[in-house]
>>> print(open('protein_37.pdb').read())   # PDB, C-alpha atoms
ATOM      1  CA  MET A   1      71.434 121.817 119.864
ATOM      2  CA  ILE A   2      72.034 125.543 120.271
ATOM      3  CA  SER A   3      69.210 127.679 121.637
ATOM      4  CA  ALA A   4      66.570 129.320 119.464
ATOM      5  CA  ALA A   5      67.862 132.734 120.541
ATOM      6  CA  ALA A   6      71.397 131.899 119.414
ATOM      7  CA  SER A   7      70.128 130.521 116.098
ATOM      8  CA  ASP A   8      68.113 133.701 115.567
ATOM      9  CA  ALA A   9      71.162 135.862 116.324
ATOM     10  CA  VAL A  10      73.208 133.977 113.726
ATOM     11  CA  ALA A  11      70.429 134.395 111.150
ATOM     12  CA  ARG A  12      70.212 138.148 111.813
ATOM     13  CA  PHE A  13      73.989 138.487 111.607
ATOM     14  CA  LEU A  14      74.127 136.670 108.266
ATOM     15  CA  ALA A  15      71.283 138.820 106.904
ATOM     16  CA  HIS A  16      73.202 141.911 108.012
ATOM     17  CA  LYS A  17      76.400 140.746 106.273
ATOM     18  CA  ALA A  18      74.569 139.854 103.067
ATOM     19  CA  ALA A  19      72.561 143.091 102.924
ATOM     20  CA  LEU A  20      75.186 145.663 103.892
ATOM     21  CA  GLN A  21      78.434 144.073 102.724
ATOM     22  CA  GLY A  22      77.204 142.280  99.608
ATOM     23  CA  ILE A  23      79.042 139.048 100.412
ATOM     24  CA  SER A  24      78.457 136.043  98.185
ATOM     25  CA  GLU A  25      76.206 133.083  98.979
ATOM     26  CA  ASN A  26      79.278 130.885  99.419
ATOM     27  CA  THR A  27      80.714 133.299 101.981
ATOM     28  CA  VAL A  28      77.399 133.413 103.848
ATOM     29  CA  ALA A  29      77.350 129.608 103.924
ATOM     30  CA  ALA A  30      80.934 129.513 105.242
ATOM     31  CA  TYR A  31      80.088 132.012 108.011
ATOM     32  CA  GLN A  32      77.022 129.970 108.947
ATOM     33  CA  THR A  33      78.956 126.705 109.145
ATOM     34  CA  ASP A  34      81.739 128.250 111.228
ATOM     35  CA  LEU A  35      79.357 129.931 113.672
ATOM     36  CA  LEU A  36      77.044 126.970 114.155
ATOM     37  CA  GLU A  37      80.034 124.709 114.843
ATOM     38  CA  PHE A  38      81.415 127.209 117.362
ATOM     39  CA  LEU A  39      78.101 127.778 119.136
ATOM     40  CA  THR A  40      77.377 124.043 119.227
ATOM     41  CA  PHE A  41      80.714 123.465 120.952
ATOM     42  CA  MET A  42      80.059 126.264 123.445
ATOM     43  CA  THR A  43      76.564 124.944 124.179
ATOM     44  CA  ILE A  44      77.956 121.499 125.010
ATOM     45  CA  HIS A  45      80.897 123.068 126.853
ATOM     46  CA  GLN A  46      78.456 125.008 129.068
ATOM     47  CA  GLY A  47      76.192 122.033 129.707
ATOM     48  CA  GLY A  48      73.325 122.529 127.264
ATOM     49  CA  PRO A  49      71.169 125.265 125.690
ATOM     50  CA  GLN A  50      70.786 128.197 128.068
ATOM     51  CA  GLY A  51      69.756 131.032 125.783
ATOM     52  CA  LEU A  52      71.974 133.671 124.239
ATOM     53  CA  ALA A  53      73.204 135.297 127.474
ATOM     54  CA  PRO A  54      75.846 132.664 128.412
ATOM     55  CA  LEU A  55      77.215 132.754 124.868
ATOM     56  CA  MET A  56      77.675 136.517 125.222
ATOM     57  CA  ASP A  57      79.698 136.102 128.395
ATOM     58  CA  LEU A  58      82.558 133.890 127.260
ATOM     59  CA  GLY A  59      85.895 133.958 129.032
ATOM     60  CA  VAL A  60      89.471 133.274 127.986
ATOM     61  CA  SER A  61      89.268 129.690 129.259
ATOM     62  CA  ASP A  62      86.196 129.041 127.083
ATOM     63  CA  MET A  63      88.020 130.233 123.976
ATOM     64  CA  ARG A  64      91.087 128.166 124.861
ATOM     65  CA  SER A  65      88.910 125.088 125.221
ATOM     66  CA  TRP A  66      87.390 125.638 121.780
ATOM     67  CA  MET A  67      90.775 126.194 120.160
ATOM     68  CA  ALA A  68      92.198 123.082 121.835
ATOM     69  CA  SER A  69      89.212 120.990 120.751
ATOM     70  CA  ALA A  70      89.519 122.210 117.169
ATOM     71  CA  ARG A  71      93.236 121.438 117.046
ATOM     72  CA  SER A  72      92.734 117.956 118.504
ATOM     73  CA  GLY A  73      90.079 117.380 115.840
ATOM     74  CA  GLY A  74      92.708 117.824 113.143
ATOM     75  CA  ILE A  75      91.640 121.230 111.831
ATOM     76  CA  ALA A  76      94.520 122.861 109.954
ATOM     77  CA  PRO A  77      95.848 126.156 111.393
ATOM     78  CA  ARG A  78      94.761 128.058 108.290
ATOM     79  CA  SER A  79      91.180 126.734 108.571
ATOM     80  CA  LEU A  80      91.071 127.443 112.291
ATOM     81  CA  ALA A  81      92.232 131.005 111.685
ATOM     82  CA  ARG A  82      89.363 131.451 109.219
ATOM     83  CA  LYS A  83      86.845 130.055 111.712
ATOM     84  CA  LEU A  84      88.137 132.374 114.417
ATOM     85  CA  SER A  85      87.774 135.310 112.044
ATOM     86  CA  SER A  86      84.114 134.376 111.495
ATOM     87  CA  VAL A  87      83.525 134.129 115.246
ATOM     88  CA  LYS A  88      85.171 137.495 115.894
ATOM     89  CA  SER A  89      83.065 139.146 113.203
ATOM     90  CA  PHE A  90      79.904 137.713 114.788
ATOM     91  CA  TYR A  91      80.873 138.896 118.269
ATOM     92  CA  ARG A  92      81.673 142.406 117.047
ATOM     93  CA  TRP A  93      78.142 142.498 115.677
ATOM     94  CA  LEU A  94      76.752 141.072 118.951
ATOM     95  CA  ALA A  95      78.577 143.764 120.923
ATOM     96  CA  GLU A  96      76.954 146.447 118.773
ATOM     97  CA  LYS A  97      73.448 144.947 118.705
ATOM     98  CA  GLU A  98      73.166 143.216 122.096
ATOM     99  CA  GLY A  99      75.717 145.059 124.200
ATOM    100  CA  CYS A 100      77.846 142.033 125.090
ATOM    101  CA  ASP A 101      81.511 142.233 126.057
ATOM    102  CA  PRO A 102      83.519 140.594 123.228
ATOM    103  CA  THR A 103      86.938 141.108 124.839
ATOM    104  CA  ALA A 104      87.776 137.435 125.399
ATOM    105  CA  VAL A 105      86.765 136.498 121.854
ATOM    106  CA  LEU A 106      88.508 139.405 120.138
ATOM    107  CA  ALA A 107      91.674 138.926 122.200
ATOM    108  CA  THR A 108      92.049 135.304 121.064
ATOM    109  CA  ARG A 109      95.076 134.954 118.816
ATOM    110  CA  ALA A 110      94.812 133.065 115.566
ATOM    111  CA  PRO A 111      97.220 130.147 115.101
ATOM    112  CA  LYS A 112     100.269 130.847 112.981
ATOM    113  CA  PHE A 113     100.349 129.306 109.548
ATOM    114  CA  GLN A 114     102.385 129.536 106.369
ATOM    115  CA  ALA A 115     100.504 131.638 103.864
ATOM    116  CA  LYS A 116     100.192 129.914 100.510
ATOM    117  CA  LEU A 117     101.783 131.751  97.616
ATOM    118  CA  PRO A 118      99.952 131.950  94.277
ATOM    119  CA  ARG A 119     101.080 129.268  91.815
ATOM    120  CA  PRO A 120     101.130 130.882  88.361
ATOM    121  CA  LEU A 121     102.138 129.266  85.090
ATOM    122  CA  SER A 122     105.182 130.379  83.189
ATOM    123  CA  GLU A 123     104.546 132.587  80.172
ATOM    124  CA  ASP A 124     105.292 129.703  77.805
ATOM    125  CA  ALA A 125     103.005 127.343  79.734
ATOM    126  CA  ALA A 126     100.138 129.865  79.700
ATOM    127  CA  LYS A 127     100.549 130.222  75.940
ATOM    128  CA  ASP A 128     100.629 126.431  75.521
ATOM    129  CA  VAL A 129      97.412 126.055  77.522
ATOM    130  CA  ILE A 130      95.557 128.526  75.307
ATOM    131  CA  GLU A 131      96.865 126.827  72.157
ATOM    132  CA  THR A 132      95.999 123.318  73.406
ATOM    133  CA  VAL A 133      92.694 123.692  75.243
ATOM    134  CA  GLU A 134      90.522 123.506  72.101
ATOM    135  CA  PHE A 135      91.773 120.018  71.271
ATOM    136  CA  GLN A 136      89.984 118.592  74.313
ATOM    137  CA  SER A 137      86.662 118.817  72.437
ATOM    138  CA  GLN A 138      85.463 117.230  69.204
ATOM    139  CA  GLU A 139      83.098 120.120  68.435
ATOM    140  CA  ASP A 140      84.627 123.247  66.933
ATOM    141  CA  TRP A 141      82.324 125.655  68.758
ATOM    142  CA  VAL A 142      83.041 124.058  72.143
ATOM    143  CA  GLY A 143      86.778 124.271  71.479
ATOM    144  CA  ALA A 144      86.369 127.930  70.511
ATOM    145  CA  ARG A 145      84.372 128.526  73.695
ATOM    146  CA  ASP A 146      87.073 126.976  75.865
ATOM    147  CA  ILE A 147      89.770 129.082  74.197
ATOM    148  CA  ALA A 148      87.655 132.195  74.770
ATOM    149  CA  VAL A 149      87.085 131.449  78.463
ATOM    150  CA  ILE A 150      90.737 130.682  79.226
ATOM    151  CA  THR A 151      91.933 133.693  77.211
ATOM    152  CA  VAL A 152      89.579 135.984  79.133
ATOM    153  CA  LEU A 153      90.819 134.571  82.452
ATOM    154  CA  TYR A 154      94.445 135.125  81.486
ATOM    155  CA  GLY A 155      94.088 138.241  79.361
ATOM    156  CA  CYS A 156      91.834 140.165  81.758
ATOM    157  CA  GLY A 157      92.737 138.600  85.105
ATOM    158  CA  LEU A 158      89.153 137.597  85.874
ATOM    159  CA  ARG A 159      87.942 135.075  88.399
ATOM    160  CA  ILE A 160      86.095 132.169  86.790
ATOM    161  CA  SER A 161      82.798 133.361  88.293
ATOM    162  CA  GLU A 162      83.366 136.806  86.773
ATOM    163  CA  ALA A 163      84.118 135.394  83.322
ATOM    164  CA  LEU A 164      81.059 133.142  83.408
ATOM    165  CA  GLY A 165      79.009 136.108  84.608
ATOM    166  CA  LEU A 166      79.483 137.914  81.284
ATOM    167  CA  THR A 167      76.308 138.152  79.220
ATOM    168  CA  GLY A 168      75.250 138.860  75.669
ATOM    169  CA  ALA A 169      75.082 142.544  76.644
ATOM    170  CA  ASP A 170      78.893 142.522  76.956
ATOM    171  CA  VAL A 171      79.522 141.599  73.301
ATOM    172  CA  PRO A 172      81.235 142.516  71.190
ATOM    173  CA  LEU A 173      83.742 142.930  73.996
ATOM    174  CA  PRO A 174      84.584 146.627  74.443
ATOM    175  CA  ASN A 175      88.013 148.084  75.173
ATOM    176  CA  THR A 176      87.223 147.879  78.891
ATOM    177  CA  LEU A 177      84.871 145.750  80.984
ATOM    178  CA  ARG A 178      83.143 146.891  84.155
ATOM    179  CA  ILE A 179      83.357 143.915  86.515
ATOM    180  CA  VAL A 180      81.594 143.506  89.861
ATOM    181  CA  GLY A 181      83.718 141.163  91.952
ATOM    182  CA  LYS A 182      83.846 139.912  95.526
ATOM    183  CA  GLY A 183      81.985 142.004  98.075
ATOM    184  CA  GLY A 184      80.328 143.991  95.292
ATOM    185  CA  LYS A 185      83.645 145.713  94.545
ATOM    186  CA  GLU A 186      83.521 147.212  91.062
ATOM    187  CA  ARG A 187      86.533 147.611  88.810
ATOM    188  CA  VAL A 188      87.322 148.483  85.203
ATOM    189  CA  VAL A 189      89.430 145.925  83.323
ATOM    190  CA  PRO A 190      91.108 146.530  79.944
ATOM    191  CA  VAL A 191      90.338 143.899  77.298
ATOM    192  CA  ILE A 192      93.242 142.790  75.117
ATOM    193  CA  ASP A 193      92.805 142.084  71.401
ATOM    194  CA  ALA A 194      93.429 138.352  71.872
ATOM    195  CA  ALA A 195      90.453 138.101  74.252
ATOM    196  CA  ARG A 196      88.190 140.058  71.899
ATOM    197  CA  ASP A 197      89.231 137.905  68.940
ATOM    198  CA  ALA A 198      88.723 134.654  70.861
ATOM    199  CA  VAL A 199      85.245 135.694  72.008
ATOM    200  CA  SER A 200      84.297 136.860  68.507
ATOM    201  CA  ARG A 201      85.309 133.494  67.027
ATOM    202  CA  TYR A 202      83.325 131.660  69.685
ATOM    203  CA  ILE A 203      80.225 133.754  68.978
ATOM    204  CA  ARG A 204      80.465 133.046  65.243
ATOM    205  CA  LEU A 205      80.569 129.291  65.867
ATOM    206  CA  CYS A 206      78.160 129.037  68.824
ATOM    207  CA  PRO A 207      74.902 127.348  67.714
ATOM    208  CA  HIS A 208      72.839 128.845  70.540
ATOM    209  CA  THR A 209      70.949 132.142  70.303
ATOM    210  CA  LEU A 210      72.733 134.880  72.210
ATOM    211  CA  SER A 211      70.504 137.486  73.865
ATOM    212  CA  GLU A 212      71.560 140.363  76.094
ATOM    213  CA  GLU A 213      70.236 138.814  79.292
ATOM    214  CA  MET A 214      71.635 135.307  78.681
ATOM    215  CA  PRO A 215      75.125 134.178  79.774
ATOM    216  CA  LEU A 216      77.800 134.672  77.122
ATOM    217  CA  PHE A 217      79.428 131.289  77.687
ATOM    218  CA  ARG A 218      77.064 128.358  77.184
ATOM    219  CA  GLY A 219      77.061 124.666  77.900
ATOM    220  CA  VAL A 220      76.525 122.055  75.190
ATOM    221  CA  ARG A 221      72.753 122.084  75.735
ATOM    222  CA  GLY A 222      72.531 125.850  75.715
ATOM    223  CA  GLY A 223      72.390 126.538  79.440
ATOM    224  CA  PRO A 224      74.960 128.531  81.413
ATOM    225  CA  LEU A 225      78.449 127.036  81.268
ATOM    226  CA  ASN A 226      79.224 125.231  84.534
ATOM    227  CA  PRO A 227      82.530 126.181  86.232
ATOM    228  CA  ARG A 228      83.175 122.476  86.727
ATOM    229  CA  GLN A 229      83.355 122.045  82.966
ATOM    230  CA  VAL A 230      86.050 124.715  82.722
ATOM    231  CA  GLN A 231      87.975 122.977  85.509
ATOM    232  CA  LYS A 232      87.617 119.644  83.694
ATOM    233  CA  VAL A 233      88.913 120.925  80.356
ATOM    234  CA  MET A 234      91.800 122.625  82.160
ATOM    235  CA  GLN A 235      92.617 119.334  83.885
ATOM    236  CA  GLN A 236      92.677 117.507  80.542
ATOM    237  CA  THR A 237      94.885 120.218  79.048
ATOM    238  CA  ARG A 238      97.429 120.210  81.855
ATOM    239  CA  GLN A 239      97.655 116.417  81.708
ATOM    240  CA  GLN A 240      98.318 116.604  77.972
ATOM    241  CA  LEU A 241     101.003 119.243  78.506
ATOM    242  CA  GLY A 242     102.517 117.598  81.580
ATOM    243  CA  LEU A 243     101.777 120.594  83.821
ATOM    244  CA  PRO A 244     101.327 120.305  87.610
ATOM    245  CA  ALA A 245      97.964 120.022  89.368
ATOM    246  CA  THR A 246      98.253 123.702  90.302
ATOM    247  CA  ALA A 247      97.562 124.607  86.646
ATOM    248  CA  THR A 248      93.882 125.398  87.269
ATOM    249  CA  PRO A 249      91.573 128.038  85.756
ATOM    250  CA  HIS A 250      92.366 130.305  88.712
ATOM    251  CA  ALA A 251      96.091 129.887  87.993
ATOM    252  CA  MET A 252      95.486 131.814  84.759
ATOM    253  CA  ARG A 253      94.468 134.816  86.892
ATOM    254  CA  HIS A 254      97.599 134.337  89.023
ATOM    255  CA  SER A 255      99.628 134.189  85.807
ATOM    256  CA  PHE A 256      98.047 137.438  84.595
ATOM    257  CA  ALA A 257      99.198 139.245  87.738
ATOM    258  CA  THR A 258     102.648 137.669  87.943
ATOM    259  CA  HIS A 259     103.486 138.284  84.293
ATOM    260  CA  LEU A 260     102.386 141.920  84.549
ATOM    261  CA  LEU A 261     104.591 142.351  87.617
ATOM    262  CA  SER A 262     107.549 140.696  85.889
ATOM    263  CA  ALA A 263     107.141 143.109  82.983
ATOM    264  CA  GLY A 264     107.376 146.099  85.335
ATOM    265  CA  GLY A 265     103.707 146.597  86.186
ATOM    266  CA  ASP A 266     102.863 148.861  89.120
ATOM    267  CA  LEU A 267     101.654 146.944  92.194
ATOM    268  CA  ARG A 268      98.828 149.409  92.892
ATOM    269  CA  ALA A 269      97.621 149.164  89.303
ATOM    270  CA  ILE A 270      97.671 145.363  89.471
ATOM    271  CA  GLN A 271      95.682 145.549  92.712
ATOM    272  CA  GLU A 272      93.009 147.563  90.920
ATOM    273  CA  LEU A 273      92.962 145.221  87.932
ATOM    274  CA  LEU A 274      92.503 142.180  90.188
ATOM    275  CA  GLY A 275      89.922 143.840  92.415
ATOM    276  CA  HIS A 276      91.804 143.133  95.649
ATOM    277  CA  ALA A 277      90.455 145.057  98.623
ATOM    278  CA  SER A 278      93.879 145.067 100.297
ATOM    279  CA  LEU A 279      97.304 145.693  98.796
ATOM    280  CA  SER A 280      98.720 142.986 101.072
ATOM    281  CA  THR A 281      96.832 140.382  99.019
ATOM    282  CA  THR A 282      98.456 141.637  95.819
ATOM    283  CA  GLN A 283     101.890 141.773  97.449
ATOM    284  CA  ALA A 284     101.955 137.969  97.481
ATOM    285  CA  TYR A 285     102.848 138.189  93.786
ATOM    286  CA  THR A 286     106.046 140.063  94.616
ATOM    287  CA  GLN A 287     107.158 137.024  96.639
ATOM    288  CA  VAL A 288     106.406 134.777  93.672
ATOM    289  CA  ASP A 289     108.404 137.062  91.394
ATOM    290  CA  ALA A 290     111.338 137.132  93.822
ATOM    291  CA  ALA A 291     111.280 133.346  94.158
ATOM    292  CA  ARG A 292     111.404 132.963  90.375
ATOM    293  CA  LEU A 293     114.254 135.446  90.139
ATOM    294  CA  MET A 294     116.278 133.474  92.683
ATOM    295  CA  GLU A 295     115.512 130.226  90.848
ATOM    296  CA  VAL A 296     116.830 131.673  87.590
ATOM    297  CA  TYR A 297     119.849 133.121  89.416
ATOM    298  CA  ASN A 298     120.721 129.784  91.034
ATOM    299  CA  LYS A 299     120.404 127.914  87.740
ATOM    300  CA  THR A 300     122.307 130.339  85.534
ATOM    301  CA  HIS A 301     124.809 132.415  87.536
ATOM    302  CA  PRO A 302     128.369 130.996  87.305
ATOM    303  CA  LYS A 303     128.986 131.582  91.026
ATOM    304  CA  ALA A 304     125.570 130.420  92.272
TER     305      ALA A 304
END
>>> encode(input="protein_37.pdb", output="structure tokens")
Amino acid sequence: MISAAASDAVARFLAHKAALQGISENTVAAYQTDLLEFLTFMTIHQGGPQGLAPLMDLGVSDMRSWMASARSGGIAPRSLARKLSSVKSFYRWLAEKEGCDPTAVLATRAPKFQAKLPRPLSEDAAKDVIETVEFQSQEDWVGARDIAVITVLYGCGLRISEALGLTGADVPLPNTLRIVGKGGKERVVPVIDAARDAVSRYIRLCPHTLSEEMPLFRGVRGGPLNPRQVQKVMQQTRQQLGLPATATPHAMRHSFATHLLSAGGDLRAIQELLGHASLSTTQAYTQVDAARLMEVYNKTHPKA
């Protein structure tokens, strides 16, 4: 429904983001969805496709109408804030490339929302997960693989995509791994002995040929291990252990950060280990640590 010129502008913007900022395919898809929804609304709001010019001349009332429509459609404040961020990014680019005035768009305030805190496992629960995950499979090598994946997530603080991105060229695991994370951000991550041992055991038992260019972690048929399979085995493990639904593969990364912080780890160092672009993202773990401290205090202090 939007004009060909507007569609072309979105395509050029997405190509610019992908080429210069190295954003992932999932992020590109999210930007595209957000922008097409926004421009479709504005096209209808303005009475039909009229080219790119009217979309570059939006006013405060236009933005208020979009925000009101989104809220009435049941979009959560957090999701709406993300959509607005996508729109603002697009209009900054339009201002640079097409010379439009983005003031009304950039001045629009995002709705307030409660930021979600990371939900890590306790140290005992993380240990129990690693000790229990292999029993979800009847094949020894698959159980060893699952232990290796979960241990790498927890021991190195990797995202699941980063762990599954390891290849045969990374083994035997060295003392440090060079990981390329979100936005092409590169970081060096120390590898603990437990992770090296778990991966070594998996390699000994794995029936599939391991070459340098092939993924390290393999599915039953020899192809790349699907993230969904890791999520499934984690779900089975947490059900067996009676852990909450928040005990996901990504929670092992949260646990890595929280347990380091609890042990006196430096916040800047943890930021580097996690590959966070902003320290404010890492600071969420300090709130988790403080919440746990207060929970212990309230349960154990005689005067609490």
>>> atom_distance(input="protein_37.pdb", atom1="atom CA of A:Pro54", atom2="atom CA of A:Met42")
9.1 Å
>>> atom_distance(input="protein_37.pdb", atom1="atom CA of A:Thr43", atom2="atom CA of A:Ala68")
15.9 Å
>>> closest_residue(input="protein_37.pdb", among="A:Pro227, A:Arg78, A:Thr246, A:Gly51", to="A:Ala110", atoms="only C-alpha atoms")
A:Arg78
>>> resolve_selection(input="protein_37.pdb", expression="the PyMOL selection byres ((chain A and resi 105) around 8)", output="number ranges by chain")
A: 58-60, 63, 87-88, 91, 102-104, 106-108
>>> residues_around(input="protein_37.pdb", residues="A:Arg82", least_positions_apart="4", cutoff="12 Å", atoms="only C-alpha atoms", output="list in words")
Thr27, Ala30, Tyr31, Thr33, Asp34, Leu35, Ile75, Ala76, Pro77, Arg78, Ser86, Val87, Lys88, Ser89, Arg109, Ala110, Pro111, Lys112 and Phe113 of chain A
>>> atom_distance(input="protein_37.pdb", atom1="atom CA of A:Asp8", atom2="atom CA of A:Cys100")
16.0 Å
>>> closest_residue(input="protein_37.pdb", among="A:Ala9, A:Ile150, A:Ile179, A:Leu166", to="A:Leu273", atoms="all atoms listed in the file")
A:Ile179
>>> closest_residue(input="protein_37.pdb", among="A:Asp101, A:Asp128, A:Asp197, A:Glu162", to="A:Ala148", atoms="only C-alpha atoms")
A:Asp197
>>> resolve_selection(input="protein_37.pdb", expression="the PyMOL selection byres ((chain A and resi 203-220) around 8)", output="PyMOL selection string")
chain A and resi 140-142+144-145+149+164-170+199-202+221-226
>>> resolve_selection(input="protein_37.pdb", expression="the PyMOL selection byres ((chain A and resi 39) around 9)", output="NGL selection string")
:A and (1-2 or 6-7 or 34-38 or 40-44 or 55)
>>> closest_residue(input="protein_37.pdb", among="A:Pro249, A:Pro172, A:Gly181, A:Gly242", to="A:Tyr154", atoms="all atoms listed in the file")
A:Pro249
>>> residues_near_point(input="protein_37.pdb", point="(96.8, 133.8, 81.9)", cutoff="6 Å", atoms="all atoms listed in the file", output="ChimeraX atom specification")
/A:126,154-155,252-253,255-256
